[in-house]
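Notes to accompany the following structure.
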Amino acid sequence: MSAPTSFDLPVMVASGCGGTGRELAAYAQEDGLAGIGGFVTRTLTMDPRAGGRVRVEESPAGLVRAHRLQNPGLDRFLMTELPWLAQQGVRTFVSIAGATLAEYAEITRRLVRAPGVAGIELNLAVDDPRRLGVFDATEPFQAARVVTAVRAELPVGVALHVKLPAVPSRIATAARAVAEAGADALVVGGALPAALDNGTPAELSGPAVRPVALRCLAEVRTALPGVPLIAVGGIATADDARGFLSAGAVAVQVGTALLHDPTTVFRIASELATNPGDDL
Amino acid sequence: MSAPTSFDLPVMVASGCGGTGRELAAYAQEDGLAGIGGFVTRTLTMDPRAGGRVRVEESPAGLVRAHRLQNPGLDRFLMTELPWLAQQGVRTFVSIAGATLAEYAEITRRLVRAPGVAGIELNLAVDDPRRLGVFDATEPFQAARVVTAVRAELPVGVALHVKLPAVPSRIATAARAVAEAGADALVVGGALPAALDNGTPAELSGPAVRPVALRCLAEVRTALPGVPLIAVGGIATADDARGFLSAGAVAVQVGTALLHDPTTVFRIASELATNPGDDL
Amino acid sequence: MTAVPMGEGTGPLHVTAEVLSTKKVGAYRHLVLAAPGVAERFRPGNFVAVSLPDGAHLARRSLWIHRVRPTGSHGATVELVIEPAGVGTAWLAALTQGARVELTGPLGRPFAQPKEPVNCVLVGEGYAAAALFPLAERLRERGCAVTILLAADDEAHVFGALEARRTARSVSVVTVDGSLGAKGTAGQALPGILQRAEADVVYAAGPSATLHAVAAAAEAHGAWSQVALEIPQPCGTGLCHACIVPVIGEDGIAHKVRACAEGPVFRGDRVQWGLL
Amino acid sequence: MTAVPMGEGTGPLHVTAEVLSTKKVGAYRHLVLAAPGVAERFRPGNFVAVSLPDGAHLARRSLWIHRVRPTGSHGATVELVIEPAGVGTAWLAALTQGARVELTGPLGRPFAQPKEPVNCVLVGEGYAAAALFPLAERLRERGCAVTILLAADDEAHVFGALEARRTARSVSVVTVDGSLGAKGTAGQALPGILQRAEADVVYAAGPSATLHAVAAAAEAHGAWSQVALEIPQPCGTGLCHACIVPVIGEDGIAHKVRACAEGPVFRGDRVQWGLL
Ligand SMILES: Cc1cc2nc3c(=O)[nH]c(=O)nc-3n(C[C@H](O)[C@H](O)[C@H](O)COP(=O)(O)OP(=O)(O)OC[C@H]3O[C@@H](n4cnc5c(N)ncnc54)[C@H](O)[C@@H]3O)c2cc1C
Ligand SMILES: Cc1cc2nc3c(=O)[nH]c(=O)nc-3n(C[C@H](O)[C@H](O)[C@H](O)COP(=O)(O)OP(=O)(O)OC[C@H]3O[C@@H](n4cnc5c(N)ncnc54)[C@H](O)[C@@H]3O)c2cc1C
Ligand SMILES: Cc1cc2nc3c(=O)[nH]c(=O)nc-3n(C[C@H](O)[C@H](O)[C@H](O)COP(=O)(O)O)c2cc1C
Ligand SMILES: Cc1cc2nc3c(=O)[nH]c(=O)nc-3n(C[C@H](O)[C@H](O)[C@H](O)COP(=O)(O)O)c2cc1C
Ligand code: FES
Ligand code: FES
């Protein structure tokens, strides 16, 4: 396992919560988006997924989102989004999901040929992958196979982060499998499988889920003390971030909080830079 | 499968959220606690569990609770709590957890000898059962074994409800196993494994978890359209209750909302009686 | 038409605004806010996204900027028109002087304005009419002939009838119940008005059904239309991709774009109304 | 001592109270509330549990009832003394006249009062002193000699010094910084006061450490003590079992009881202070 990512800037934008980057940059401080630890794109698939609009409802202290992996597809991303991010010097992590192991490898090959990719975030946390036509990595050995397939295509210097489903009772086992298969860091926490008011499958995110994310972190931290962990789920203040960092995360991602206030990620980053907290 | 419970009063008190019953009765309407669909006790074990205090922290729109199954044990419950509930005519469902199948059977035998038990709610949703010294029913076939063991001890007229872990990706399989083993109704939704700020394992409840409970209900409803389902998780208003009932639950349980306002369960019950909603 | 791109120094800001005054206007609440920098960057058709402060509601509430005005003491102010409809708008409507409001703005692509002095018809339904007044002023400054059609369910929901008469050459009002102006809807009244005004361009703000009718009437008349769409916008800032509008691009190809970022103002003939 | 059981018609109520007035008192905010029925059922040592209305904070906020008073127009009123310390107390402290507050009360077992006219010392630290004033009045009515000791970090946090002088035969004040009264803590001052007062019973309200010191001093002196404990109370109503206090029961056996339901007033010699 190599660990090409440095986490000296420990605050990142969570997958799918920063638009194409351009919109968020309007709220950045001097260094722009390049001034924070990283920008994770929304999850990309080989082909575009229109799949209706992302439907978002409010729930108490959370947002519930039915999405069907809506994204412009790899080509359009490489053409219209990545170049701007690269030009701005953003540490871009491209989140991906594939239908097969071969597709995962193919997406990776094409991504690492483009300049400006700091790393790949494998989204193995897709809720109900079969329904969405994505390779089912729910079982740890299948998750490990995806990691192996992608790892084989990665040149030195491009990091491999793996986002795991936020199921506390199972996350440690999944974490071990993907770490052994060669992940550089694990993204733990994240949205929870939920439903819109009308019953449509959806994902719950925001401060409501924070205690679950903290538990996910604790489970993996205990099982695998040596593996770098990136925490995500409900982080909205510098204190929240400090809580996850002192619980053993090397970095945190900020998602839903940005929808409520687009300056959050920049404020947290600069507050942490000024005052990292007791334990850090 | 027999179905001795009638759900014409579709609102119950969730396990552990109504004190011993006496405290809650102060806020009831004319009929007292007997006027609602049921009162589920906190989970009882054969022996008392002192295990430190229940520690409760606030999280956004939720409460996080580290509990270690604190309870007075079966004897003390039978002596000091059940008689009052029986005398008041409360439809009491006793929530239980056991260390072994034999203990489950023994607890059941002793409970059904006492007057006033309308049903048993098997708590198979204990977070991290091994740590708490409880029979590990995480695997569906183990859950089914508990149901079989308890079912064998139950006379006609005492209902068997089974509370399942709120893991949307696995709940349908667990539900099928316990339904086939003889559960009369399933309790779906409930608290989520989480952590206190300091990392201690705990459970998240309250409105924050409602969209997850709704998903759990949808998953089981789709897989097992014929099985009576009791929904729990984040219900705080009559509209919330109507949402779960129109999504296919036969009844709902109200928990954390009672801590915020002890009249909630009675208000929801009377609002539903007056105006059950479009689909009912 | 000139598209107005968002350049450096003209992008949106996230600020804590202060309520300077608040008054009832028919069924609505009219708020004047000190929102440093937001007014200065405003163009007609922009909106603000407000954050609720309770910790329980995370989605933003989008509101048209009704007017900006330079004032002595507070820099320029921003004015909003609120129809209390749910928790967020009720909260806004109940704010008193001195209250603080977190908001982001100005957001969205503004109305494209004609280079030549042409005949313009502006159609506003309910509170959304508020978005058209700053546009009407700019158009008048450019020498355009401005006709305004205000529509609503009833008199209390007609916004800005008096103000319209000060700005526009001609003003019509329609209400569904006939309590003010002619009885009817914007869609029913529009074809006649377009003809009388010899309209070259139609601008509209209101519910989607009305905008669809406006776009159709404009097309039938042979005028350009620019419609300001209200699609639920959880973030309002382009981050969440939840406010998708299906459009036909300049290239003739169907795209899905974000109402808050690529809109909320669209050419009426580009929106795929049937797929909305 | 008479224990005061909660019988029919004397149990707690859940009501929407209205703020009648609010004023600053030193470091605290003093609220007068119209809370129908709550005042009528009050006994000294009771508290109320307040619900925050924002939807994000679910745990109750417990507050001692400082005083109840019959008034003309609103029935009896309930008075609270708030130290702004976090989100809930800051919200309460900022409420203005006419605001509504959901609360449950009166809650908890009150102070047990002596049947005979005995010598009583009342020790109150910070805002918690507020809980002792109605008790002082009842004791005086029963012919008890009442001595009051008020303690705090500094002058601004001493509550009720003036009022104490109206009620008690003798009043002492101690502050940690010496800004009012003698310099020191309640624990330091108490032994001397107990002797001078020839105390038979000691009542106390304040932080646990102070209550522990009070209980120890009372025991050393040979007096009964009754302490009003503040344990975090998520519900305040006995429902959640999260406010556990380890005590030795009348039977000599260790029990875990709920502060809000079996307390918050306990006999000082029954509390297992080391396990708190
Ligand atoms: C670009 C734009 C401009 C707007 N300008 C104005 C204005 O100037 N004055 C005004 O009164 N209203 C305006 N609205 C509508 C206003 O944003 C919604 O009525 C408001 O968000 C509803 O929030 P609520 O909390 O009051 O209602 P709730 O029903 O409690 O809101 C629940 C959720 O649904 C969303 N939502 C509900 N209705 C709408 C709606 N019609 N449009 C968008 N989101 C909705 C809310 O944002 C929130 O997420 C505008 C909407 C858009 C998109
Ligand atoms: C029986 C009793 C009577 C009280 N009487 C008064 C009074 O008359 N005046 C007064 O100002 N305060 C009183 N308190 C303390 C008051 O309840 C807490 O300061 C308050 O709950 C803190 O809430 P917050 O939102 O301001 O602080 P936060 O720190 O934001 O509260 C966070 C959480 O911790 C709990 N909490 C924090 N501090 C305490 C504490 N010291 N005791 C109990 N729970 C706490 C809160 O209930 C909440 O769940 C009393 C406490 C108890 C138990
Ligand atoms: C609007 C939105 C879009 C998201 N899109 C993605 C996505 O494409 N891929 C992914 O892995 N996670 C996605 N997520 C999940 C977030 O990356 C994050 O894991 C989750 O929301 C929990 O963090 P938060 O509570 O800070 O939002 C999305 C979340 C939101 C709110
Ligand atoms: C204070 C408290 C105690 C609880 N105790 C138990 C328990 O003993 N057994 C159990 O099965 N669930 C217990 N629960 C979980 C509730 O029964 C319920 O399933 C969960 O809280 C979700 O519902 P809610 O959001 O309405 O609270 C407890 C919850 C709370 C808040
Ligand atoms: S509302 Fe979030 S992208 Fe438009
Ligand atoms: S605070 Fe809930 S039982 Fe005491």
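Every chain in the structure tokens takes a letter, A first, then B, and so on in the order presented; its residues are numbered from 1, and the ligands are numbered from 1 following the presented order.
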Exercise for review: Can you pull out every residue within 7 Å of Ser95 (chain A), counting only C-alpha atoms, but drop anything in the same chain fewer than 2 positions away, and send it as a VMD selection string?
Suggested key: chain A and resid 15 40 to 44 93 120 to 123
Could the residues in this selection be written to a file with all heavy atoms, as a PDB file, in the first residue's frame?
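Written output follows (result.pdb):
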ATOM      1  N   SER A  15     -18.176  14.219  -2.111  1.00  0.00           N
ATOM      2  CA  SER A  15     -18.666  13.894  -3.443  1.00  0.00           C
ATOM      3  C   SER A  15     -20.079  14.421  -3.673  1.00  0.00           C
ATOM      4  O   SER A  15     -20.973  14.221  -2.854  1.00  0.00           O
ATOM      5  CB  SER A  15     -18.646  12.375  -3.624  1.00  0.00           C
ATOM      6  OG  SER A  15     -19.196  12.018  -4.864  1.00  0.00           O
ATOM      7  N   VAL A  40     -13.924  16.426  -4.178  1.00  0.00           N
ATOM      8  CA  VAL A  40     -14.357  15.141  -4.729  1.00  0.00           C
ATOM      9  C   VAL A  40     -15.527  15.412  -5.670  1.00  0.00           C
ATOM     10  O   VAL A  40     -16.506  16.054  -5.288  1.00  0.00           O
ATOM     11  CB  VAL A  40     -14.771  14.161  -3.620  1.00  0.00           C
ATOM     12  CG1 VAL A  40     -15.066  12.790  -4.207  1.00  0.00           C
ATOM     13  CG2 VAL A  40     -13.698  14.066  -2.537  1.00  0.00           C
ATOM     14  N   THR A  41     -15.428  14.931  -6.885  1.00  0.00           N
ATOM     15  CA  THR A  41     -16.498  15.150  -7.868  1.00  0.00           C
ATOM     16  C   THR A  41     -17.718  14.302  -7.499  1.00  0.00           C
ATOM     17  O   THR A  41     -17.624  13.376  -6.696  1.00  0.00           O
ATOM     18  CB  THR A  41     -16.069  14.709  -9.276  1.00  0.00           C
ATOM     19  OG1 THR A  41     -15.946  13.272  -9.274  1.00  0.00           O
ATOM     20  CG2 THR A  41     -14.754  15.346  -9.669  1.00  0.00           C
ATOM     21  N   ARG A  42     -18.849  14.594  -8.109  1.00  0.00           N
ATOM     22  CA  ARG A  42     -19.963  13.660  -7.965  1.00  0.00           C
ATOM     23  C   ARG A  42     -19.573  12.354  -8.645  1.00  0.00           C
ATOM     24  O   ARG A  42     -18.649  12.316  -9.453  1.00  0.00           O
ATOM     25  CB  ARG A  42     -21.243  14.235  -8.541  1.00  0.00           C
ATOM     26  CG  ARG A  42     -21.247  14.594 -10.012  1.00  0.00           C
ATOM     27  CD  ARG A  42     -22.474  15.499 -10.223  1.00  0.00           C
ATOM     28  NE  ARG A  42     -22.713  15.970 -11.571  1.00  0.00           N
ATOM     29  CZ  ARG A  42     -21.903  16.754 -12.278  1.00  0.00           C
ATOM     30  NH1 ARG A  42     -20.714  17.105 -11.819  1.00  0.00           N
ATOM     31  NH2 ARG A  42     -22.267  17.188 -13.467  1.00  0.00           N
ATOM     32  N   THR A  43     -20.241  11.285  -8.288  1.00  0.00           N
ATOM     33  CA  THR A  43     -19.851   9.985  -8.829  1.00  0.00           C
ATOM     34  C   THR A  43     -20.126   9.937 -10.324  1.00  0.00           C
ATOM     35  O   THR A  43     -21.244  10.220 -10.768  1.00  0.00           O
ATOM     36  CB  THR A  43     -20.599   8.851  -8.113  1.00  0.00           C
ATOM     37  OG1 THR A  43     -20.249   8.893  -6.730  1.00  0.00           O
ATOM     38  CG2 THR A  43     -20.248   7.504  -8.691  1.00  0.00           C
ATOM     39  N   LEU A  44     -19.089   9.566 -11.078  1.00  0.00           N
ATOM     40  CA  LEU A  44     -19.202   9.483 -12.532  1.00  0.00           C
ATOM     41  C   LEU A  44     -19.287   8.034 -12.963  1.00  0.00           C
ATOM     42  O   LEU A  44     -18.648   7.158 -12.378  1.00  0.00           O
ATOM     43  CB  LEU A  44     -17.983  10.141 -13.179  1.00  0.00           C
ATOM     44  CG  LEU A  44     -17.886  11.647 -12.906  1.00  0.00           C
ATOM     45  CD1 LEU A  44     -16.491  12.162 -13.204  1.00  0.00           C
ATOM     46  CD2 LEU A  44     -18.931  12.405 -13.713  1.00  0.00           C
ATOM     47  N   PHE A  93     -10.330  14.750  -6.635  1.00  0.00           N
ATOM     48  CA  PHE A  93     -10.540  13.317  -6.498  1.00  0.00           C
ATOM     49  C   PHE A  93     -11.796  12.974  -7.276  1.00  0.00           C
ATOM     50  O   PHE A  93     -12.862  13.543  -7.029  1.00  0.00           O
ATOM     51  CB  PHE A  93     -10.685  12.931  -5.024  1.00  0.00           C
ATOM     52  CG  PHE A  93      -9.422  13.186  -4.250  1.00  0.00           C
ATOM     53  CD1 PHE A  93      -9.150  14.450  -3.735  1.00  0.00           C
ATOM     54  CD2 PHE A  93      -8.476  12.180  -4.083  1.00  0.00           C
ATOM     55  CE1 PHE A  93      -7.976  14.706  -3.047  1.00  0.00           C
ATOM     56  CE2 PHE A  93      -7.294  12.431  -3.407  1.00  0.00           C
ATOM     57  CZ  PHE A  93      -7.035  13.697  -2.887  1.00  0.00           C
ATOM     58  N   ILE A 120      -8.487   8.909  -7.036  1.00  0.00           N
ATOM     59  CA  ILE A 120      -9.791   8.355  -7.383  1.00  0.00           C
ATOM     60  C   ILE A 120     -10.497   7.977  -6.092  1.00  0.00           C
ATOM     61  O   ILE A 120      -9.859   7.459  -5.169  1.00  0.00           O
ATOM     62  CB  ILE A 120      -9.607   7.132  -8.317  1.00  0.00           C
ATOM     63  CG1 ILE A 120      -9.230   7.656  -9.709  1.00  0.00           C
ATOM     64  CG2 ILE A 120     -10.848   6.261  -8.356  1.00  0.00           C
ATOM     65  CD1 ILE A 120      -9.134   6.612 -10.766  1.00  0.00           C
ATOM     66  N   GLU A 121     -11.779   8.307  -6.010  1.00  0.00           N
ATOM     67  CA  GLU A 121     -12.568   7.843  -4.865  1.00  0.00           C
ATOM     68  C   GLU A 121     -13.551   6.820  -5.390  1.00  0.00           C
ATOM     69  O   GLU A 121     -14.503   7.169  -6.107  1.00  0.00           O
ATOM     70  CB  GLU A 121     -13.285   9.024  -4.183  1.00  0.00           C
ATOM     71  CG  GLU A 121     -14.076   8.582  -2.950  1.00  0.00           C
ATOM     72  CD  GLU A 121     -14.686   9.753  -2.160  1.00  0.00           C
ATOM     73  OE1 GLU A 121     -13.919  10.561  -1.604  1.00  0.00           O
ATOM     74  OE2 GLU A 121     -15.926   9.844  -2.111  1.00  0.00           O
ATOM     75  N   LEU A 122     -13.301   5.573  -5.065  1.00  0.00           N
ATOM     76  CA  LEU A 122     -14.221   4.522  -5.494  1.00  0.00           C
ATOM     77  C   LEU A 122     -15.481   4.615  -4.658  1.00  0.00           C
ATOM     78  O   LEU A 122     -15.428   4.499  -3.439  1.00  0.00           O
ATOM     79  CB  LEU A 122     -13.606   3.143  -5.262  1.00  0.00           C
ATOM     80  CG  LEU A 122     -12.495   2.700  -6.177  1.00  0.00           C
ATOM     81  CD1 LEU A 122     -12.097   1.267  -5.815  1.00  0.00           C
ATOM     82  CD2 LEU A 122     -12.979   2.777  -7.612  1.00  0.00           C
ATOM     83  N   ASN A 123     -16.607   4.794  -5.308  1.00  0.00           N
ATOM     84  CA  ASN A 123     -17.858   4.843  -4.564  1.00  0.00           C
ATOM     85  C   ASN A 123     -18.438   3.440  -4.445  1.00  0.00           C
ATOM     86  O   ASN A 123     -19.219   2.997  -5.291  1.00  0.00           O
ATOM     87  CB  ASN A 123     -18.845   5.796  -5.251  1.00  0.00           C
ATOM     88  CG  ASN A 123     -20.145   5.890  -4.479  1.00  0.00           C
ATOM     89  OD1 ASN A 123     -20.301   5.256  -3.439  1.00  0.00           O
ATOM     90  ND2 ASN A 123     -21.070   6.691  -4.982  1.00  0.00           N
TER      91      ASN A 123
END
Exercise for review: At a cut-off of 12 Å, list the chain D residues touching chain A, using only C-alpha atoms, as a ChimeraX atom specification.
Suggested key: /D:54-58
Contacts of region 37-46 of chain D within 7 Å, only C-alpha atoms, excl. fewer than 4 positions in-chain, as an mmCIF file with N, CA, C and O atoms, in the first residue's frame:
data_model
loop_
_atom_site.group_PDB
_atom_site.id
_atom_site.type_symbol
_atom_site.label_atom_id
_atom_site.label_comp_id
_atom_site.auth_asym_id
_atom_site.auth_seq_id
_atom_site.Cartn_x
_atom_site.Cartn_y
_atom_site.Cartn_z
ATOM 1 N N THR D 10 -52.633 16.400 41.508
ATOM 2 C CA THR D 10 -51.454 17.174 41.874
ATOM 3 C C THR D 10 -50.277 16.855 40.950
ATOM 4 O O THR D 10 -49.201 17.362 41.138
ATOM 5 N N LEU D 13 -48.298 18.921 34.685
ATOM 6 C CA LEU D 13 -49.050 19.248 33.471
ATOM 7 C C LEU D 13 -48.076 19.627 32.366
ATOM 8 O O LEU D 13 -46.998 20.144 32.640
ATOM 9 N N TRP D 64 -35.361 25.241 38.055
ATOM 10 C CA TRP D 64 -36.044 25.348 39.343
ATOM 11 C C TRP D 64 -37.171 26.357 39.243
ATOM 12 O O TRP D 64 -37.019 27.398 38.596
ATOM 13 N N ILE D 65 -38.257 26.044 39.924
ATOM 14 C CA ILE D 65 -39.302 27.062 40.075
ATOM 15 C C ILE D 65 -38.884 27.955 41.231
ATOM 16 O O ILE D 65 -38.688 27.481 42.357
ATOM 17 N N VAL D 68 -43.964 31.078 42.949
ATOM 18 C CA VAL D 68 -45.272 31.128 42.293
ATOM 19 C C VAL D 68 -46.037 32.226 42.997
ATOM 20 O O VAL D 68 -45.869 32.461 44.186
ATOM 21 N N ALA D 76 -52.279 31.966 38.736
ATOM 22 C CA ALA D 76 -50.980 32.069 39.393
ATOM 23 C C ALA D 76 -49.863 32.066 38.360
ATOM 24 O O ALA D 76 -49.987 31.476 37.288
ATOM 25 N N THR D 77 -48.757 32.727 38.673
ATOM 26 C CA THR D 77 -47.613 32.754 37.761
ATOM 27 C C THR D 77 -46.459 31.946 38.333
ATOM 28 O O THR D 77 -46.402 31.684 39.536
ATOM 29 N N VAL D 78 -45.553 31.578 37.450
ATOM 30 C CA VAL D 78 -44.365 30.816 37.803
ATOM 31 C C VAL D 78 -43.153 31.664 37.450
ATOM 32 O O VAL D 78 -43.110 32.259 36.375
ATOM 33 N N GLY D 105 -44.622 20.673 34.183
ATOM 34 C CA GLY D 105 -44.323 20.882 35.594
ATOM 35 C C GLY D 105 -45.584 20.942 36.418
ATOM 36 O O GLY D 105 -46.686 20.881 35.880
ATOM 37 N N PRO D 106 -45.499 21.062 37.725
ATOM 38 C CA PRO D 106 -44.238 20.973 38.459
ATOM 39 C C PRO D 106 -43.750 19.531 38.509
ATOM 40 O O PRO D 106 -44.556 18.611 38.603
ATOM 41 N N LEU D 107 -42.433 19.341 38.464
ATOM 42 C CA LEU D 107 -41.842 18.009 38.415
ATOM 43 C C LEU D 107 -40.970 17.765 39.641
ATOM 44 O O LEU D 107 -40.422 18.698 40.234
ATOM 45 N N GLY D 108 -40.825 16.504 39.969
ATOM 46 C CA GLY D 108 -39.882 16.114 41.014
ATOM 47 C C GLY D 108 -40.497 16.079 42.399
ATOM 48 O O GLY D 108 -41.577 16.624 42.644
ATOM 49 N N ARG D 109 -39.824 15.374 43.295
ATOM 50 C CA ARG D 109 -40.256 15.340 44.694
ATOM 51 C C ARG D 109 -39.726 16.591 45.373
ATOM 52 O O ARG D 109 -38.556 16.911 45.267
ATOM 53 N N PRO D 110 -40.600 17.257 46.122
ATOM 54 C CA PRO D 110 -40.198 18.512 46.751
ATOM 55 C C PRO D 110 -39.361 18.273 48.012
ATOM 56 O O PRO D 110 -39.143 17.135 48.426
ATOM 57 N N PHE D 111 -38.892 19.355 48.610
ATOM 58 C CA PHE D 111 -38.205 19.256 49.895
ATOM 59 C C PHE D 111 -39.170 18.718 50.944
ATOM 60 O O PHE D 111 -40.330 19.160 51.025
ATOM 61 N N ALA D 131 -34.269 28.202 44.126
ATOM 62 C CA ALA D 131 -35.170 27.119 44.539
ATOM 63 C C ALA D 131 -35.492 27.178 46.021
ATOM 64 O O ALA D 131 -36.453 26.548 46.484
ATOM 65 N N PRO D 134 -39.006 29.856 48.129
ATOM 66 C CA PRO D 134 -40.354 29.425 48.546
ATOM 67 C C PRO D 134 -40.286 28.493 49.756
ATOM 68 O O PRO D 134 -41.164 28.517 50.613
ATOM 69 N N LEU D 135 -39.231 27.699 49.828
ATOM 70 C CA LEU D 135 -39.049 26.825 50.994
ATOM 71 C C LEU D 135 -38.872 27.668 52.250
ATOM 72 O O LEU D 135 -39.488 27.392 53.301
ATOM 73 N N VAL D 265 -34.694 16.123 44.934
ATOM 74 C CA VAL D 265 -34.310 16.355 46.316
ATOM 75 C C VAL D 265 -34.055 15.009 46.991
ATOM 76 O O VAL D 265 -34.902 14.113 46.915
#
Practice item. Please identify the residues whose atoms come within 8 Å of ligand 2, using only C-alpha atoms and all ligand atoms, and report them as a ChimeraX atom specification. Key: /B:56-58 /D:28,46-48,57-66,80-91,127-128,130-131,228-234,236,259-260,264
Check your understanding: Hey, what's within 10 Å of Ala215 (chain D) if we count only C-alpha atoms and toss same-chain stuff fewer than 5 positions away? As a PyMOL selection string, please?
Key -> chain D and resi 187+202-204+209-210+220-221+223-227+267-271+273
Practice item. Name the residues of region 169-215 of chain A that fall into alpha helix (DSSP H) according to DSSP on the backbone, using the chain letters and numbers of this document, as a list of chain:residue names. Key: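 Taking region 169-215 of chain A and keeping alpha helix (DSSP H) gives A:Ser169, A:Arg170, A:Ile171, A:Ala172, A:Thr173, A:Ala174, A:Ala175, A:Arg176, A:Ala177, A:Val178, A:Ala179, A:Glu180, A:Arg210, A:Pro211, A:Val212, A:Ala213, A:Leu214, A:Arg215.
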Practice item. Throw together the list of residues within 6 Å of ligand 4, counting only C-alpha atoms and all ligand atoms, and drop it here as a count of residues only. Key: 21
Check your understanding: Which one of C:Ala93, C:Leu52, C:Ala168, C:Val101 sits closest to chain D if you count only C-alpha atoms?
Key ->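 Among C:Ala93, C:Leu52, C:Ala168, C:Val101, it is C:Leu52 that comes nearest to chain D.
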Exercise for review: Pick out each residue of region 83-251 of chain B that DSSP on the backbone tags as strand (DSSP E); I need them as a PyMOL selection string.
Suggested key: chain B and resi 92-96+117-123+159-163+185-189+192-195+201-205+229-232+251
Counting only C-alpha atoms, which residues of chain A fall within 7 Å of chain B, and what is the closest atom pair for each with its distance in Å at one decimal, ordered by chain and rising number, as CSV?
residue,atom,partner,partner_atom,distance
A:Pro60,CA,B:Ala208,CA,5.4
A:Ala61,CA,B:Ala61,CA,5.7
A:Gly62,CA,B:Ala208,CA,7.0
A:Pro168,CA,B:Pro193,CA,6.5
A:Pro193,CA,B:Val212,CA,6.3
A:Ala194,CA,B:Val212,CA,4.1
A:Ala195,CA,B:Arg215,CA,4.7
A:Leu196,CA,B:Pro211,CA,6.8
A:Gly199,CA,B:Ala218,CA,6.3
A:Pro201,CA,B:Arg215,CA,6.7
A:Leu204,CA,B:Pro211,CA,6.9
A:Pro207,CA,B:Pro60,CA,5.9
A:Ala208,CA,B:Ala208,CA,4.9
A:Pro211,CA,B:Ala194,CA,5.0
A:Val212,CA,B:Ala194,CA,4.1
A:Leu214,CA,B:Ala195,CA,5.8
A:Arg215,CA,B:Ala195,CA,4.7
A:Ala218,CA,B:Gly199,CA,6.3
**Study point:** Near-Ala181 (chain B) list (6 Å; only C-alpha atoms; drop same-chain fewer than 6 positions) as number ranges by chain
**Key:** B: 144, 147-148
Check your understanding: Can you tell me, as a count of residues only, what residues are no more than 7 Å from region 162-165 of chain B when counting only C-alpha atoms, ignoring any on the same chain fewer than 3 positions away?
Key -> 11
Exercise for review: Could you give me, as a list in words, the residues within 9 Å of Val25 (chain D), counting only C-alpha atoms and dropping anything in the same chain fewer than 2 positions from it?
Suggested key: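 With the cut-off at 9 Å, the set is Lys23, Ala27, Tyr28, Arg29, His30, Val81, Ala156, Phe159 and Gly160 of chain D.
Take the candidates C:Leu190, C:Leu33, C:Gly274, C:Pro53 and check each one against chain D using only C-alpha atoms; the shortest distance goes to C:Pro53.
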